[in-house]
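Take a look at the structure below.
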Amino acid sequence: MSSKAGALIAAALVLALALLPFVPGAIDHYYFSLLFFVFIYAIMAQGWNLVAGYAGQISLGQHAFFALGAYTTAILWTGNYLWGSLYETHPRIYYFDPVTMVLSGLVAAVAAALIGLPLLSKLRGDYFALGTLGFGEIVRVLLINGGDFTGGAFGLVAPSGTFDTLLPHYWTGLGLTVALAIGIHLLIKSRYGLALIAVRDDEMAASSNGVNVLRTKVLAFAGGAFIAGICGSLYTYYIFHVGPDSVLNLDWMLLPLMMTVVGGTGTVLGPIIGAFVMYVIFDFARIWVPDYHPIIAGLAIILAMLFLPNGLSRLKLGILKPYSR
Amino acid sequence: MHADETVLRLENVQKSFGGLVVLANIDLAIDRGELVGLIGPNGAGKSTLFNVITAIYAPSRGKVWFRDSDITGAQPHRICRLGIARTFQLVRVFPTMTAHENVLVGAVYGSGGRVANASQAATEALDLVGLSARRDVRTAHLTLSDRRLLEIARAVASRPALLLLDEPMAGLNATEIKQMVDVIRRTRNDMGIAILWVEHKVDAIMKVCSRVVVLDHGEKIADGTPHEVATNRKVIEAYLGEPSS
Ligand SMILES: Nc1ncnc2c1ncn2[C@@H]1O[C@H](COP(=O)(O)OP(=O)(O)OP(=O)(O)O)[C@@H](O)[C@H]1O
Ligand SMILES: [Mg+2]
């Protein structure tokens, strides 16, 4: 199949998903919320993929950036400590406010740049991975001890009265997933993508050929954090209660990581395919065999690693070829 | 020779790892467009010298000058952008990229603005080494000889004033070696790039280079024409081992 046909199929699929809510009864169906979660995980997986799959830096701190984004949205939304509650005078302003969402991504990105600069200039490979894991623990301590500003161990509660349908979440999730896939595809084809792959493939050769390795890595790390931060913001509009146990859960780092590996690390479609397949497997396991759910999930990952060492998206399907490298 | 003709100058460069002195007081100058061979037994410090020039290692003492700039301890990517490109003894190409993309990295990032049209510069560099037909081949699928040529193309695409080659003939067969000599000659003659060329195939160096530098145990023991070097007593000793007195 040519890449043109692949793009057409993808466009048709996106259109069908976008129009799905107009099918009578669809919004109230359980699968509708399942799709929303697939989008959330696909976004998180894409963020990890940018850092690990393309820049080659294994980050174990994506949940921290997710949490920073979620908290930023909750703090701005509730107006906690900043201006009283703007929400009370302007009830709809901070519900799905794009400025708030972008700011949430930026807070995570700035934190990533600040922590990434020392970590990435000093640590490599496993040590960098452990450093990012440590950063997650630092964020946890800060959030728990943030007093009224972060709501301590309980966290913050946003005004849930605004929630009456999952529709905006669904569309935003779908839109972000698609925009990210297109954005990352273009990024990889750009000059910066060339530097990313060069750094991933061989750092010494990259720097000896003019690539500023540290800058490339820090930008990728901050970009991955930006994506996670926006995702945390979106999740806050769904969950309303933002606490260390809910948004700083290690699952927000581990599951997207597994999904990317299963779907295909360093491919644009891998994280999306992986998020869909793994989330559906996890969810069905949880519903049908709740006692064995972790076993089934674990088994799925082991099987995927054994039989799909390069991920689902690198299966020899012509349609996916142009999107993987 | 005029001072502004010098592209590279090492001033009393020393490098030690812990107590092991690998380079001792090296003075060396390379002029514009010069083709200089660098030979010496295993462990003499040739690769280390390259790593000090390209700032992969900082020298323990001494200075490295590129034209009028002191580049001692600069960052490797800056040194490339200034105009010193290199290859590696163990080939380092980007395995998941195509040949053309590999060379594009040098043209885009390494040229420091000397290349206006990077894609064209990459195509020309692939032409120079004879890899045009393989431009879209994933690098992991290339032969050793082609990967060595690709490394040179990538370096040339950054339009350097000086190219450091670390054993470009290692592991190549006779035909490939002839091709490599041809590429090295053309890189120097057509592109006007000065080359410092490390090689164990001493006969090739003696045939192609007009000047040969010899390192032994981290010391420069000879620097002259192939004839001068071949008849130098220290060089003969270094290659044949210490004479029994
Ligand atoms: N990073 C390092 N740490 C410790 N010792 C090193 C390091 N790099 C090189 N050496 C030592 O420095 C000496 C010179 O090594 P170098 O690789 O420069 O030699 P060479 O002349 O390139 O040899 P060859 O012809 O085998 O490539 C060797 O004894 C080597 O073991
Ligand atoms: Mg060597």
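Lettering and numbering for the structure tokens are positional, with chains as A, B, ... in the shown order, residues counted from 1 in each chain, and ligands counted from 1 in the shown order.
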
**Item:** All residues 10 Å or closer to B:Pro160, only C-alpha atoms, same chain fewer than 3 positions away omitted, as a list in words
**Value:** Ile79, Cys80, Arg81, Leu82, Gly83, Ile84, Ala85, Arg86, Gly106, Gly110, Ser111, Gly112, Arg114, Ala155, Val156, Ala157, Leu163, Leu164, Met191, Gly192, Ile193, Ala194 and Ile195 of chain B

Print the selection's residues with all heavy atoms to a file, as a compact mmCIF listing (two decimals), in the first residue's frame.
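The new file result09.txt reads:
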```txt
# COMPACT_ATOMS: atom_id res chain seq x y z
N ILE B 79 34.10 23.08 17.24
CA ILE B 79 35.33 22.84 16.48
C ILE B 79 34.99 22.39 15.06
O ILE B 79 35.61 22.84 14.09
CB ILE B 79 36.19 21.80 17.23
CG1 ILE B 79 36.75 22.50 18.48
CG2 ILE B 79 37.28 21.25 16.34
CD1 ILE B 79 37.56 21.64 19.37
N CYS B 80 33.98 21.56 14.94
CA CYS B 80 33.55 21.15 13.60
C CYS B 80 33.04 22.35 12.82
O CYS B 80 33.36 22.54 11.65
CB CYS B 80 32.47 20.08 13.71
SG CYS B 80 31.79 19.62 12.11
N ARG B 81 32.23 23.18 13.47
CA ARG B 81 31.67 24.34 12.76
C ARG B 81 32.76 25.32 12.35
O ARG B 81 32.64 26.00 11.33
CB ARG B 81 30.63 25.04 13.65
CG ARG B 81 29.36 24.23 13.79
CD ARG B 81 28.38 24.85 14.75
NE ARG B 81 27.31 23.91 15.06
CZ ARG B 81 26.33 24.17 15.91
NH1 ARG B 81 26.25 25.35 16.51
NH2 ARG B 81 25.40 23.26 16.14
N LEU B 82 33.83 25.40 13.15
CA LEU B 82 34.95 26.27 12.78
C LEU B 82 35.65 25.76 11.53
O LEU B 82 36.09 26.54 10.69
CB LEU B 82 35.97 26.33 13.92
CG LEU B 82 35.74 27.35 15.01
CD1 LEU B 82 36.79 27.15 16.12
CD2 LEU B 82 35.84 28.75 14.45
N GLY B 83 35.73 24.42 11.39
CA GLY B 83 36.37 23.90 10.18
C GLY B 83 37.30 22.72 10.36
O GLY B 83 38.16 22.49 9.52
N ILE B 84 37.14 21.96 11.45
CA ILE B 84 37.92 20.73 11.58
C ILE B 84 36.95 19.56 11.61
O ILE B 84 36.13 19.44 12.51
CB ILE B 84 38.78 20.71 12.86
CG1 ILE B 84 39.74 21.90 12.87
CG2 ILE B 84 39.54 19.39 12.94
CD1 ILE B 84 40.65 21.94 14.09
N ALA B 85 37.01 18.71 10.58
CA ALA B 85 36.14 17.53 10.53
C ALA B 85 36.99 16.29 10.71
O ALA B 85 38.22 16.34 10.55
CB ALA B 85 35.40 17.48 9.21
N ARG B 86 36.35 15.17 11.03
CA ARG B 86 37.13 13.97 11.30
C ARG B 86 36.35 12.70 10.97
O ARG B 86 35.14 12.71 10.81
CB ARG B 86 37.54 13.92 12.76
CG ARG B 86 36.37 13.69 13.69
CD ARG B 86 36.83 13.42 15.11
NE ARG B 86 37.52 12.13 15.20
CZ ARG B 86 38.08 11.67 16.31
NH1 ARG B 86 38.05 12.39 17.41
NH2 ARG B 86 38.68 10.50 16.33
N GLY B 106 26.29 16.59 8.36
CA GLY B 106 27.50 17.39 8.25
C GLY B 106 27.24 18.70 7.54
O GLY B 106 27.71 19.76 7.97
N GLY B 110 27.39 20.95 10.52
CA GLY B 110 28.82 21.07 10.67
C GLY B 110 29.44 22.24 9.93
O GLY B 110 30.58 22.61 10.17
N SER B 111 28.67 22.82 9.00
CA SER B 111 29.31 23.77 8.09
C SER B 111 29.45 25.17 8.69
O SER B 111 30.16 26.00 8.12
CB SER B 111 28.52 23.84 6.79
OG SER B 111 27.31 24.51 7.02
N GLY B 112 28.77 25.43 9.79
CA GLY B 112 28.87 26.76 10.39
C GLY B 112 28.53 27.87 9.42
O GLY B 112 29.11 28.94 9.45
N ARG B 114 28.86 27.84 6.08
CA ARG B 114 29.58 27.87 4.80
C ARG B 114 28.77 27.21 3.68
O ARG B 114 29.03 27.43 2.52
CB ARG B 114 30.93 27.13 4.93
CG ARG B 114 31.96 27.91 5.72
CD ARG B 114 33.29 27.15 5.75
NE ARG B 114 33.17 25.90 6.48
CZ ARG B 114 33.30 25.79 7.79
NH1 ARG B 114 33.56 26.85 8.51
NH2 ARG B 114 33.18 24.63 8.39
N ALA B 155 32.06 14.26 6.54
CA ALA B 155 33.04 15.24 7.00
C ALA B 155 33.25 16.33 5.94
O ALA B 155 33.26 17.52 6.25
CB ALA B 155 34.36 14.56 7.33
N VAL B 156 33.38 15.92 4.68
CA VAL B 156 33.62 16.87 3.59
C VAL B 156 32.42 17.82 3.43
O VAL B 156 32.59 19.00 3.13
CB VAL B 156 33.90 16.12 2.27
CG1 VAL B 156 33.79 17.05 1.08
CG2 VAL B 156 35.27 15.47 2.32
N ALA B 157 31.20 17.29 3.68
CA ALA B 157 30.00 18.11 3.51
C ALA B 157 29.97 19.29 4.48
O ALA B 157 29.26 20.27 4.24
CB ALA B 157 28.75 17.26 3.70
N LEU B 163 40.82 18.08 7.57
CA LEU B 163 40.14 16.80 7.76
C LEU B 163 41.09 15.83 8.45
O LEU B 163 42.23 15.64 8.01
CB LEU B 163 39.69 16.26 6.40
CG LEU B 163 39.08 14.86 6.33
CD1 LEU B 163 37.84 14.75 7.21
CD2 LEU B 163 38.72 14.52 4.89
N LEU B 164 40.63 15.21 9.53
CA LEU B 164 41.44 14.23 10.24
C LEU B 164 40.90 12.84 9.91
O LEU B 164 39.75 12.53 10.18
CB LEU B 164 41.35 14.46 11.76
CG LEU B 164 41.59 15.89 12.26
CD1 LEU B 164 41.37 15.97 13.78
CD2 LEU B 164 43.01 16.34 11.93
N MET B 191 39.01 19.75 -3.46
CA MET B 191 38.32 20.54 -2.45
C MET B 191 39.29 21.47 -1.71
O MET B 191 38.85 22.35 -0.96
CB MET B 191 37.61 19.65 -1.42
CG MET B 191 36.78 18.52 -1.99
SD MET B 191 35.27 19.09 -2.82
CE MET B 191 34.35 19.74 -1.44
N GLY B 192 40.57 21.25 -1.86
CA GLY B 192 41.56 22.10 -1.20
C GLY B 192 41.58 21.93 0.32
O GLY B 192 41.97 22.83 1.05
N ILE B 193 41.15 20.75 0.78
CA ILE B 193 41.09 20.52 2.22
C ILE B 193 42.42 19.94 2.71
O ILE B 193 42.95 19.01 2.11
CB ILE B 193 39.94 19.53 2.55
CG1 ILE B 193 38.60 20.12 2.13
CG2 ILE B 193 39.94 19.15 4.02
CD1 ILE B 193 37.44 19.14 2.19
N ALA B 194 42.96 20.52 3.77
CA ALA B 194 44.17 19.95 4.38
C ALA B 194 43.79 18.65 5.08
O ALA B 194 42.70 18.54 5.64
CB ALA B 194 44.76 20.93 5.39
N ILE B 195 44.68 17.66 5.02
CA ILE B 195 44.35 16.36 5.60
C ILE B 195 45.49 15.88 6.49
O ILE B 195 46.65 15.93 6.10
CB ILE B 195 44.08 15.32 4.49
CG1 ILE B 195 42.85 15.71 3.67
CG2 ILE B 195 43.88 13.93 5.10
CD1 ILE B 195 42.57 14.80 2.49
```

Helix (DSSP H, G or I) call set, DSSP backbone run, stretch 104-258 of chain A, as a PDB file with C-alpha atoms, in the first residue's frame:
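In the end it all went to out38.pdb:
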```pdb
ATOM      1  CA  SER A 104       0.413  23.885  32.026  1.00  0.00           C
ATOM      2  CA  GLY A 105       2.579  22.506  29.270  1.00  0.00           C
ATOM      3  CA  LEU A 106       5.017  25.388  29.641  1.00  0.00           C
ATOM      4  CA  VAL A 107       5.416  24.939  33.392  1.00  0.00           C
ATOM      5  CA  ALA A 108       6.312  21.295  32.795  1.00  0.00           C
ATOM      6  CA  ALA A 109       8.651  22.254  29.934  1.00  0.00           C
ATOM      7  CA  VAL A 110      10.482  24.887  31.978  1.00  0.00           C
ATOM      8  CA  ALA A 111      10.881  22.442  34.852  1.00  0.00           C
ATOM      9  CA  ALA A 112      12.242  19.888  32.371  1.00  0.00           C
ATOM     10  CA  ALA A 113      14.724  22.365  30.915  1.00  0.00           C
ATOM     11  CA  LEU A 114      15.945  23.355  34.388  1.00  0.00           C
ATOM     12  CA  ILE A 115      16.371  19.776  35.567  1.00  0.00           C
ATOM     13  CA  GLY A 116      17.416  18.477  32.144  1.00  0.00           C
ATOM     14  CA  LEU A 117      20.366  20.809  31.761  1.00  0.00           C
ATOM     15  CA  PRO A 118      22.341  19.426  34.709  1.00  0.00           C
ATOM     16  CA  LEU A 119      21.050  15.858  34.306  1.00  0.00           C
ATOM     17  CA  LEU A 120      21.727  15.591  30.584  1.00  0.00           C
ATOM     18  CA  SER A 121      25.124  17.243  30.728  1.00  0.00           C
ATOM     19  CA  LYS A 122      26.351  14.939  33.491  1.00  0.00           C
ATOM     20  CA  GLY A 125      21.857   6.097  29.896  1.00  0.00           C
ATOM     21  CA  ASP A 126      20.724   4.345  33.057  1.00  0.00           C
ATOM     22  CA  TYR A 127      22.001   7.151  35.258  1.00  0.00           C
ATOM     23  CA  PHE A 128      19.929   9.717  33.447  1.00  0.00           C
ATOM     24  CA  ALA A 129      16.893   7.434  33.752  1.00  0.00           C
ATOM     25  CA  LEU A 130      17.425   7.147  37.513  1.00  0.00           C
ATOM     26  CA  GLY A 131      17.921  10.897  37.746  1.00  0.00           C
ATOM     27  CA  THR A 132      14.538  11.559  36.166  1.00  0.00           C
ATOM     28  CA  LEU A 133      12.961   9.007  38.505  1.00  0.00           C
ATOM     29  CA  GLY A 134      14.515  10.914  41.400  1.00  0.00           C
ATOM     30  CA  PHE A 135      13.110  14.140  40.020  1.00  0.00           C
ATOM     31  CA  GLY A 136       9.623  12.578  40.215  1.00  0.00           C
ATOM     32  CA  GLU A 137      10.173  11.929  43.921  1.00  0.00           C
ATOM     33  CA  ILE A 138      11.316  15.518  44.458  1.00  0.00           C
ATOM     34  CA  VAL A 139       8.141  16.761  42.796  1.00  0.00           C
ATOM     35  CA  ARG A 140       6.116  14.466  45.042  1.00  0.00           C
ATOM     36  CA  VAL A 141       7.702  15.905  48.172  1.00  0.00           C
ATOM     37  CA  LEU A 142       7.175  19.465  46.932  1.00  0.00           C
ATOM     38  CA  LEU A 143       3.514  18.821  46.111  1.00  0.00           C
ATOM     39  CA  ILE A 144       2.798  17.144  49.434  1.00  0.00           C
ATOM     40  CA  GLY A 147       0.611  23.801  51.886  1.00  0.00           C
ATOM     41  CA  ASP A 148      -2.596  25.416  50.688  1.00  0.00           C
ATOM     42  CA  PHE A 149      -1.010  26.183  47.349  1.00  0.00           C
ATOM     43  CA  SER A 160     -16.831  19.876  39.095  1.00  0.00           C
ATOM     44  CA  GLY A 161     -20.132  21.662  38.495  1.00  0.00           C
ATOM     45  CA  THR A 162     -18.902  22.497  34.995  1.00  0.00           C
ATOM     46  CA  LEU A 167     -17.622  15.634  24.549  1.00  0.00           C
ATOM     47  CA  PRO A 168     -15.043  18.437  24.930  1.00  0.00           C
ATOM     48  CA  HIS A 169     -12.599  15.989  26.505  1.00  0.00           C
ATOM     49  CA  TYR A 170     -13.089  13.518  23.705  1.00  0.00           C
ATOM     50  CA  TRP A 171     -12.594  16.049  20.943  1.00  0.00           C
ATOM     51  CA  THR A 172      -9.668  17.730  22.635  1.00  0.00           C
ATOM     52  CA  GLY A 173      -8.033  14.346  23.214  1.00  0.00           C
ATOM     53  CA  LEU A 174      -8.567  13.303  19.623  1.00  0.00           C
ATOM     54  CA  GLY A 175      -7.395  16.674  18.306  1.00  0.00           C
ATOM     55  CA  LEU A 176      -4.248  16.617  20.426  1.00  0.00           C
ATOM     56  CA  THR A 177      -3.453  13.045  19.412  1.00  0.00           C
ATOM     57  CA  VAL A 178      -3.771  13.873  15.718  1.00  0.00           C
ATOM     58  CA  ALA A 179      -1.985  17.223  15.948  1.00  0.00           C
ATOM     59  CA  LEU A 180       0.866  15.602  17.848  1.00  0.00           C
ATOM     60  CA  ALA A 181       1.251  12.810  15.308  1.00  0.00           C
ATOM     61  CA  ILE A 182       1.384  15.316  12.450  1.00  0.00           C
ATOM     62  CA  GLY A 183       3.638  17.665  14.423  1.00  0.00           C
ATOM     63  CA  ILE A 184       6.121  14.955  15.343  1.00  0.00           C
ATOM     64  CA  HIS A 185       6.115  13.604  11.797  1.00  0.00           C
ATOM     65  CA  LEU A 186       7.028  17.068  10.490  1.00  0.00           C
ATOM     66  CA  LEU A 187       9.546  17.611  13.275  1.00  0.00           C
ATOM     67  CA  ILE A 188      11.392  14.413  12.440  1.00  0.00           C
ATOM     68  CA  LYS A 189      11.537  15.388   8.777  1.00  0.00           C
ATOM     69  CA  ARG A 191      16.510  19.933  10.459  1.00  0.00           C
ATOM     70  CA  TYR A 192      15.915  19.412  14.155  1.00  0.00           C
ATOM     71  CA  GLY A 193      14.757  15.847  13.498  1.00  0.00           C
ATOM     72  CA  LEU A 194      18.066  15.183  11.778  1.00  0.00           C
ATOM     73  CA  ALA A 195      19.899  16.301  14.921  1.00  0.00           C
ATOM     74  CA  LEU A 196      17.629  14.193  17.147  1.00  0.00           C
ATOM     75  CA  ILE A 197      18.270  11.011  15.189  1.00  0.00           C
ATOM     76  CA  ALA A 198      21.979  11.799  14.968  1.00  0.00           C
ATOM     77  CA  VAL A 199      22.191  12.141  18.751  1.00  0.00           C
ATOM     78  CA  ARG A 200      20.204   8.962  19.262  1.00  0.00           C
ATOM     79  CA  ASP A 201      22.326   6.991  16.791  1.00  0.00           C
ATOM     80  CA  GLU A 203      26.451  11.040  20.212  1.00  0.00           C
ATOM     81  CA  MET A 204      30.142  11.307  19.496  1.00  0.00           C
ATOM     82  CA  ALA A 205      29.661  11.320  15.738  1.00  0.00           C
ATOM     83  CA  ALA A 206      26.856  13.855  16.130  1.00  0.00           C
ATOM     84  CA  SER A 207      28.957  16.319  18.103  1.00  0.00           C
ATOM     85  CA  SER A 208      31.971  15.819  15.845  1.00  0.00           C
ATOM     86  CA  VAL A 213      24.211  17.366  21.589  1.00  0.00           C
ATOM     87  CA  LEU A 214      23.257  18.851  24.944  1.00  0.00           C
ATOM     88  CA  ARG A 215      20.959  21.432  23.374  1.00  0.00           C
ATOM     89  CA  THR A 216      19.273  18.811  21.218  1.00  0.00           C
ATOM     90  CA  LYS A 217      18.646  16.553  24.198  1.00  0.00           C
ATOM     91  CA  VAL A 218      17.388  19.315  26.479  1.00  0.00           C
ATOM     92  CA  LEU A 219      14.982  20.560  23.803  1.00  0.00           C
ATOM     93  CA  ALA A 220      13.615  17.044  23.296  1.00  0.00           C
ATOM     94  CA  PHE A 221      13.279  16.532  27.040  1.00  0.00           C
ATOM     95  CA  ALA A 222      11.460  19.847  27.430  1.00  0.00           C
ATOM     96  CA  GLY A 223       9.265  19.050  24.414  1.00  0.00           C
ATOM     97  CA  GLY A 224       8.310  15.685  25.898  1.00  0.00           C
ATOM     98  CA  ALA A 225       7.501  17.410  29.190  1.00  0.00           C
ATOM     99  CA  PHE A 226       5.396  20.018  27.397  1.00  0.00           C
ATOM    100  CA  ILE A 227       3.311  17.235  25.866  1.00  0.00           C
ATOM    101  CA  ALA A 228       2.921  15.485  29.242  1.00  0.00           C
ATOM    102  CA  GLY A 229       1.994  18.799  30.910  1.00  0.00           C
ATOM    103  CA  ILE A 230      -0.770  19.509  28.396  1.00  0.00           C
ATOM    104  CA  CYS A 231      -2.014  15.976  28.861  1.00  0.00           C
ATOM    105  CA  GLY A 232      -2.099  16.487  32.636  1.00  0.00           C
ATOM    106  CA  SER A 233      -4.142  19.613  32.052  1.00  0.00           C
ATOM    107  CA  LEU A 234      -6.656  17.738  29.913  1.00  0.00           C
ATOM    108  CA  TYR A 235      -6.915  15.016  32.538  1.00  0.00           C
ATOM    109  CA  THR A 236      -7.617  17.611  35.232  1.00  0.00           C
ATOM    110  CA  TYR A 237     -10.678  18.784  33.316  1.00  0.00           C
ATOM    111  CA  TYR A 238     -11.897  15.206  33.527  1.00  0.00           C
ATOM    112  CA  ILE A 239     -10.929  14.148  37.048  1.00  0.00           C
ATOM    113  CA  PRO A 244      -0.204  13.252  44.511  1.00  0.00           C
ATOM    114  CA  ASP A 245      -1.687   9.757  44.381  1.00  0.00           C
ATOM    115  CA  SER A 246      -3.809  10.311  41.320  1.00  0.00           C
ATOM    116  CA  VAL A 247      -1.740  12.424  38.946  1.00  0.00           C
ATOM    117  CA  ASP A 251       1.383   4.403  36.089  1.00  0.00           C
ATOM    118  CA  TRP A 252       1.422   7.674  34.154  1.00  0.00           C
ATOM    119  CA  MET A 253       5.036   6.936  33.320  1.00  0.00           C
ATOM    120  CA  LEU A 254       5.083   3.126  33.104  1.00  0.00           C
ATOM    121  CA  LEU A 255       1.987   2.492  31.000  1.00  0.00           C
ATOM    122  CA  PRO A 256       2.867   4.979  28.221  1.00  0.00           C
ATOM    123  CA  LEU A 257       6.376   3.534  28.202  1.00  0.00           C
ATOM    124  CA  MET A 258       5.056  -0.006  27.690  1.00  0.00           C
TER     125      MET A 258
END
```

**Request:** Produce as a PyMOL selection string the set of residues near ligand 1, where near means within 9 Å with only C-alpha atoms and all ligand atoms considered.
**Result:** chain B and resi 15-18+20-23+39-51+57+89+166-167+198-200+215-218

**Request:** If you run DSSP over the backbone, which residues in stretch 33-86 of chain B end up strand (DSSP E)? Put them as number ranges by chain.
**Result:** B: 35-39, 61-66, 69-70, 84-86

Grab the residues selected above and save them as a PDB file, in the first residue's frame with N, CA, C and O atoms.
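Result saved to again.pdb:
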```pdb
ATOM      1  N   LEU B  35      48.737  17.714   2.766  1.00  0.00           N
ATOM      2  CA  LEU B  35      48.362  16.324   3.030  1.00  0.00           C
ATOM      3  C   LEU B  35      49.481  15.683   3.837  1.00  0.00           C
ATOM      4  O   LEU B  35      50.569  15.447   3.322  1.00  0.00           O
ATOM      5  N   VAL B  36      49.202  15.446   5.116  1.00  0.00           N
ATOM      6  CA  VAL B  36      50.240  14.973   6.019  1.00  0.00           C
ATOM      7  C   VAL B  36      49.893  13.585   6.537  1.00  0.00           C
ATOM      8  O   VAL B  36      48.776  13.354   7.018  1.00  0.00           O
ATOM      9  N   GLY B  37      50.810  12.667   6.435  1.00  0.00           N
ATOM     10  CA  GLY B  37      50.613  11.330   6.986  1.00  0.00           C
ATOM     11  C   GLY B  37      51.064  11.295   8.440  1.00  0.00           C
ATOM     12  O   GLY B  37      52.033  11.963   8.813  1.00  0.00           O
ATOM     13  N   LEU B  38      50.335  10.557   9.265  1.00  0.00           N
ATOM     14  CA  LEU B  38      50.713  10.413  10.673  1.00  0.00           C
ATOM     15  C   LEU B  38      50.790   8.927  10.970  1.00  0.00           C
ATOM     16  O   LEU B  38      49.778   8.226  10.917  1.00  0.00           O
ATOM     17  N   ILE B  39      52.014   8.441  11.225  1.00  0.00           N
ATOM     18  CA  ILE B  39      52.176   7.010  11.482  1.00  0.00           C
ATOM     19  C   ILE B  39      52.815   6.789  12.839  1.00  0.00           C
ATOM     20  O   ILE B  39      53.293   7.726  13.487  1.00  0.00           O
ATOM     21  N   ARG B  61      48.038  19.538  29.164  1.00  0.00           N
ATOM     22  CA  ARG B  61      48.819  20.762  29.086  1.00  0.00           C
ATOM     23  C   ARG B  61      48.920  21.150  27.617  1.00  0.00           C
ATOM     24  O   ARG B  61      48.716  20.312  26.730  1.00  0.00           O
ATOM     25  N   GLY B  62      49.230  22.399  27.353  1.00  0.00           N
ATOM     26  CA  GLY B  62      49.448  22.822  25.976  1.00  0.00           C
ATOM     27  C   GLY B  62      48.217  23.437  25.335  1.00  0.00           C
ATOM     28  O   GLY B  62      47.149  23.506  25.951  1.00  0.00           O
ATOM     29  N   LYS B  63      48.386  23.903  24.086  1.00  0.00           N
ATOM     30  CA  LYS B  63      47.301  24.606  23.409  1.00  0.00           C
ATOM     31  C   LYS B  63      47.088  24.076  22.005  1.00  0.00           C
ATOM     32  O   LYS B  63      48.011  23.601  21.346  1.00  0.00           O
ATOM     33  N   VAL B  64      45.840  24.189  21.563  1.00  0.00           N
ATOM     34  CA  VAL B  64      45.485  23.831  20.196  1.00  0.00           C
ATOM     35  C   VAL B  64      44.940  25.079  19.515  1.00  0.00           C
ATOM     36  O   VAL B  64      44.039  25.735  20.033  1.00  0.00           O
ATOM     37  N   TRP B  65      45.545  25.424  18.353  1.00  0.00           N
ATOM     38  CA  TRP B  65      45.100  26.609  17.631  1.00  0.00           C
ATOM     39  C   TRP B  65      44.513  26.208  16.281  1.00  0.00           C
ATOM     40  O   TRP B  65      45.084  25.374  15.578  1.00  0.00           O
ATOM     41  N   PHE B  66      43.373  26.788  15.948  1.00  0.00           N
ATOM     42  CA  PHE B  66      42.848  26.655  14.599  1.00  0.00           C
ATOM     43  C   PHE B  66      42.897  28.041  13.985  1.00  0.00           C
ATOM     44  O   PHE B  66      42.252  28.964  14.469  1.00  0.00           O
ATOM     45  N   SER B  69      42.437  31.129  16.211  1.00  0.00           N
ATOM     46  CA  SER B  69      41.654  30.915  17.437  1.00  0.00           C
ATOM     47  C   SER B  69      42.246  29.810  18.294  1.00  0.00           C
ATOM     48  O   SER B  69      42.636  28.762  17.799  1.00  0.00           O
ATOM     49  N   ASP B  70      42.260  30.093  19.581  1.00  0.00           N
ATOM     50  CA  ASP B  70      42.635  29.081  20.556  1.00  0.00           C
ATOM     51  C   ASP B  70      41.413  28.196  20.773  1.00  0.00           C
ATOM     52  O   ASP B  70      40.391  28.641  21.299  1.00  0.00           O
ATOM     53  N   ILE B  84      37.144  21.962  11.452  1.00  0.00           N
ATOM     54  CA  ILE B  84      37.916  20.731  11.577  1.00  0.00           C
ATOM     55  C   ILE B  84      36.948  19.557  11.611  1.00  0.00           C
ATOM     56  O   ILE B  84      36.133  19.439  12.514  1.00  0.00           O
ATOM     57  N   ALA B  85      37.010  18.710  10.585  1.00  0.00           N
ATOM     58  CA  ALA B  85      36.143  17.533  10.530  1.00  0.00           C
ATOM     59  C   ALA B  85      36.995  16.293  10.706  1.00  0.00           C
ATOM     60  O   ALA B  85      38.217  16.344  10.550  1.00  0.00           O
ATOM     61  N   ARG B  86      36.348  15.174  11.031  1.00  0.00           N
ATOM     62  CA  ARG B  86      37.127  13.971  11.296  1.00  0.00           C
ATOM     63  C   ARG B  86      36.354  12.704  10.973  1.00  0.00           C
ATOM     64  O   ARG B  86      35.143  12.707  10.810  1.00  0.00           O
TER      65      ARG B  86
END
```

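Closest to B:Ala161 among B:Thr187, B:Gln14, B:Asn102, B:Thr72 is B:Thr187, based on only C-alpha atoms.
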
**Item:** B:Asp31 environment, 7 Å, only C-alpha atoms, sequence neighbours closer than 2 positions dropped, as a ChimeraX atom specification
**Value:** /B:5-8,29,33-34

So that I have them on file, write out the residues from the current selection with C-alpha atoms, as a PDB file, in the first residue's frame.
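Output file selection_30.pdb is given in full below:
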```pdb
ATOM      1  CA  GLU B   5      48.702  29.724   5.913  1.00  0.00           C
ATOM      2  CA  THR B   6      48.658  27.546   9.024  1.00  0.00           C
ATOM      3  CA  VAL B   7      45.300  25.907   9.736  1.00  0.00           C
ATOM      4  CA  LEU B   8      46.260  23.847  12.764  1.00  0.00           C
ATOM      5  CA  ALA B  29      51.622  22.714  12.460  1.00  0.00           C
ATOM      6  CA  GLY B  33      45.739  22.282   1.769  1.00  0.00           C
ATOM      7  CA  GLU B  34      48.571  20.133   3.052  1.00  0.00           C
TER       8      GLU B  34
END
```

**Request:** With a distance cut-off of 12 Å and only C-alpha atoms, select the neighbouring residues of stretch 122-125 of chain B, excluding the residue or stretch itself and same-chain residues fewer than 3 positions from it, and output the selection as an NGL selection string.
**Result:** :B and (98-111 or 115-119 or 128-136 or 149-159 or 183 or 186-187 or 190-191)

**Message:** I need the residue nearest ligand 2 from this list: B:Thr87, B:Thr96, B:Asn173, B:Thr139. Use only C-alpha atoms and all ligand atoms for the distance.
**Reply:**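 Checking each of B:Thr87, B:Thr96, B:Asn173, B:Thr139 against ligand 2, counting only C-alpha atoms and all ligand atoms, the winner is B:Thr87.
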
**Fill in**
In terms of only C-alpha atoms, the residue from A:Phe37, A:Tyr31, A:Tyr71, A:Tyr54 at minimal distance from chain B is A:Tyr54
